[in-house]
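Chemist: Contents of target15.txt (compact mmCIF, C-alpha atoms) are given next:
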```txt
# COMPACT_ATOMS: atom_id res chain seq x y z
CA MET A 21 0.00 0.00 0.00
CA GLU A 22 1.08 3.47 -0.69
CA LYS A 23 1.17 6.24 1.85
CA ASN A 24 -1.98 7.79 0.36
CA ASP A 25 -4.00 4.65 1.18
CA TYR A 26 -3.42 5.25 4.90
CA GLU A 27 -4.46 8.87 4.74
CA TYR A 28 -8.04 7.93 3.83
CA LYS A 29 -8.54 5.19 6.41
CA GLN A 30 -10.03 6.20 9.68
CA ARG A 31 -9.74 4.28 12.90
CA ILE A 32 -12.56 4.66 15.42
CA ILE A 33 -12.27 3.51 19.00
CA GLN A 34 -15.44 3.33 21.05
CA GLU A 35 -15.37 3.20 24.81
CA LEU A 36 -18.06 3.01 27.44
CA VAL A 37 -17.30 5.38 30.26
CA PRO A 38 -19.97 4.74 32.83
CA GLY A 39 -20.90 7.37 35.31
CA LYS A 40 -21.62 6.65 38.91
CA GLN A 41 -25.38 6.93 38.83
CA ILE A 42 -28.75 5.39 39.50
CA THR A 43 -31.06 6.31 36.65
CA ILE A 44 -34.27 4.53 37.70
CA ALA A 45 -35.47 3.41 41.12
CA HIS A 46 -39.14 2.59 40.84
CA VAL A 47 -41.70 0.70 42.91
CA ILE A 48 -44.62 -0.89 41.10
CA ALA A 49 -47.29 -1.33 43.77
CA ASN A 50 -49.92 -4.03 43.25
CA PRO A 51 -48.82 -5.07 39.75
CA ASP A 52 -51.01 -7.29 37.65
CA LYS A 53 -49.92 -10.92 38.05
CA ILE A 54 -49.07 -11.22 34.35
CA LEU A 55 -46.23 -8.75 34.89
CA TYR A 56 -44.40 -11.23 37.13
CA ARG A 57 -44.46 -13.85 34.37
CA LYS A 58 -43.52 -11.37 31.63
CA LEU A 59 -40.51 -10.27 33.68
CA GLY A 60 -39.33 -13.86 33.82
CA LEU A 61 -39.98 -14.24 37.53
CA ASP A 62 -40.78 -17.75 38.74
CA PRO A 63 -44.29 -18.49 37.40
CA THR A 64 -44.78 -21.42 39.80
CA ARG A 65 -44.34 -19.13 42.75
CA ASP A 66 -47.36 -17.75 44.60
CA TYR A 67 -46.99 -13.97 44.50
CA SER A 68 -50.29 -13.33 46.25
CA GLU A 69 -48.46 -12.07 49.34
CA LYS A 70 -45.95 -10.16 47.25
CA SER A 71 -47.64 -6.96 46.27
CA ALA A 72 -44.81 -4.94 44.72
CA ILE A 73 -41.98 -5.08 42.22
CA GLY A 74 -38.96 -2.79 42.50
CA ILE A 75 -36.65 -2.01 39.61
CA VAL A 76 -33.33 -0.18 39.71
CA THR A 77 -30.96 0.61 36.86
CA MET A 78 -27.45 1.74 37.61
CA SER A 79 -24.02 2.45 36.25
CA PRO A 80 -21.43 1.05 36.58
CA ALA A 81 -23.32 -2.18 36.05
CA GLU A 82 -21.30 -4.05 38.67
CA TYR A 83 -22.99 -2.00 41.38
CA ALA A 84 -26.01 -4.25 40.78
CA ILE A 85 -24.23 -6.96 42.78
CA ILE A 86 -23.75 -4.67 45.77
CA ALA A 87 -27.25 -3.25 45.36
CA ALA A 88 -28.76 -6.75 45.44
CA ASP A 89 -26.92 -7.48 48.68
CA ILE A 90 -28.10 -4.23 50.26
CA ALA A 91 -31.69 -4.74 49.10
CA LEU A 92 -31.87 -8.24 50.54
CA LYS A 93 -30.25 -7.34 53.86
CA THR A 94 -32.40 -4.26 54.38
CA SER A 95 -35.86 -5.82 54.37
CA GLY A 96 -37.78 -8.98 53.63
CA ALA A 97 -37.71 -8.27 49.90
CA GLU A 98 -36.63 -11.10 47.64
CA LEU A 99 -34.34 -11.05 44.65
CA GLY A 100 -36.19 -11.31 41.36
CA PHE A 101 -33.33 -10.60 38.98
CA VAL A 102 -29.87 -9.08 38.99
CA ASP A 103 -27.66 -8.43 35.97
CA ARG A 104 -24.12 -7.26 36.51
CA PHE A 105 -23.72 -6.59 32.79
CA SER A 106 -26.68 -4.23 32.26
CA GLY A 107 -26.88 -2.86 35.81
CA THR A 108 -30.44 -3.98 36.43
CA LEU A 109 -31.92 -5.12 39.73
CA ILE A 110 -35.47 -6.37 40.32
CA VAL A 111 -36.79 -7.17 43.79
CA THR A 112 -40.21 -8.36 44.92
CA GLY A 113 -42.01 -8.14 48.21
CA THR A 114 -44.62 -6.12 49.98
CA VAL A 115 -44.83 -2.46 49.05
CA SER A 116 -43.05 -1.44 52.27
CA GLU A 117 -40.30 -4.07 51.83
CA VAL A 118 -39.61 -3.02 48.26
CA GLU A 119 -39.66 0.71 49.10
CA GLU A 120 -37.29 0.15 52.02
CA SER A 121 -34.92 -1.90 49.87
CA LEU A 122 -34.81 0.65 47.05
CA ARG A 123 -34.30 3.56 49.42
CA ALA A 124 -31.39 1.72 51.04
CA VAL A 125 -29.80 1.03 47.65
CA VAL A 126 -30.18 4.67 46.56
CA ASP A 127 -29.02 6.09 49.91
CA TYR A 128 -25.91 3.88 50.02
CA ALA A 129 -24.97 4.80 46.45
CA ARG A 130 -25.34 8.53 47.18
CA GLU A 131 -23.84 8.68 50.68
CA LYS A 132 -21.08 6.08 50.57
CA LEU A 133 -20.12 5.93 46.90
CA GLY A 134 -20.81 9.47 45.72
CA PHE A 135 -23.27 8.45 43.01
CA THR A 136 -25.70 10.79 41.33
CA VAL A 137 -29.09 9.30 42.10
CA CYS A 138 -32.71 9.78 41.17
CA GLN A 139 -35.63 9.78 43.57
CA VAL A 140 -37.43 6.54 44.33
CA SER A 141 -40.70 6.76 42.40
CA LYS A 142 -43.85 4.70 42.75
CA THR A 143 -46.92 3.78 40.70
```
Could I get this file's structure written as structure tokens?
Modeler:
Amino acid sequence: MEKNDYEYKQRIIQELVPGKQITIAHVIANPDKILYRKLGLDPTRDYSEKSAIGIVTMSPAEYAIIAADIALKTSGAELGFVDRFSGTLIVTGTVSEVEESLRAVVDYAREKLGFTVCQVSKT
């Protein structure tokens, strides 16, 4: 190849530079039962006593592991799903258990790790 061939080639490097943030922390109170199944939660499980679903998305994604630990230790909420690659956490439980878990996750991220966080919302 001649020198001119290199002049027209462009090299692009893409990097993901995650911020330290929680972008969604939401409590779904009294969800329809179909939502549990559509989220891939155990369909054989009786969710009649579980009246809420909590979802948190965060960056860096690895914080989902720590967040799951905090959520489970804080209340009686149960782990529905955790993904250390996308930064997603889903917990189930009563409305108060799920709210308590999500608040603990958000508070720890803000106070101990210096994250930018959103408010815990609820529908």
Chemist: List the spatial neighbours of Asn50 (chain A) as a VMD selection string - criterion: any atom at most 8 Å away, only C-alpha atoms, same-chain residues fewer than 3 positions off excluded.
Modeler: chain A and resid 71 to 72 115
Chemist: Give me the residues within 8 Å of Val126 (chain A) as number ranges by chain, counting only C-alpha atoms and dropping any in the same chain fewer than 6 places off.
Modeler: A: 42, 45, 137-138, 140
Chemist: Using only C-alpha atoms, which of A:Ser95, A:Thr136, A:Thr112, A:Ser121 sits nearest Tyr56 (chain A)?
Modeler: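 Ranking A:Ser95, A:Thr136, A:Thr112, A:Ser121 by distance to Tyr56 (chain A), first place goes to A:Thr112.
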Chemist: Name all residues at most 12 Å from Val118 (chain A) (count only C-alpha atoms; drop same-chain ones fewer than 4 positions away) and give them as a ChimeraX atom specification.
Modeler: /A:45-50,70-76,88,90-100,109-114,122-125,140-142
Chemist: From the set A:Arg130, A:Glu120, A:Arg31, A:Thr77, which residue has the shortest atom-to-atom contact distance to Phe105 (chain A), counting all atoms listed in the file?
Modeler: A:Thr77
Chemist: For each of A:Gly60, A:Pro51, A:Gly39, A:Pro80, take the minimum atom-to-atom distance to Ser106 (chain A), counting only C-alpha atoms, then give the residue where this is smallest.
Modeler: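 Of all the options, A:Pro80 lies closest to Ser106 (chain A).
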Chemist: Have a look at CA of Gln41 (chain A) and CA of Ser79 (chain A) and let me know their distance in Å, one decimal.
Modeler: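 A separation of 5.3 Å between them.
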Chemist: Mind giving me the straight-line distance from CA of Arg57 (chain A) to CA of Met78 (chain A) in Å, one decimal?
Modeler: 23.3 Å
Chemist: Could you tell me how far CA of Glu131 (chain A) sits from CA of Ile44 (chain A), in Å to one decimal place?
Modeler: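 About the pair CA of Ile44 (chain A) and CA of Glu131 (chain A): they are 17.2 Å apart.
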Chemist: Here is a test: counting only C-alpha atoms, which residue of A:Ala81, A:Ala87, A:Ser116, A:Gln139 is nearest to Asp103 (chain A)?
Modeler: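 So, comparing all the options, the nearest one is A:Ala81.
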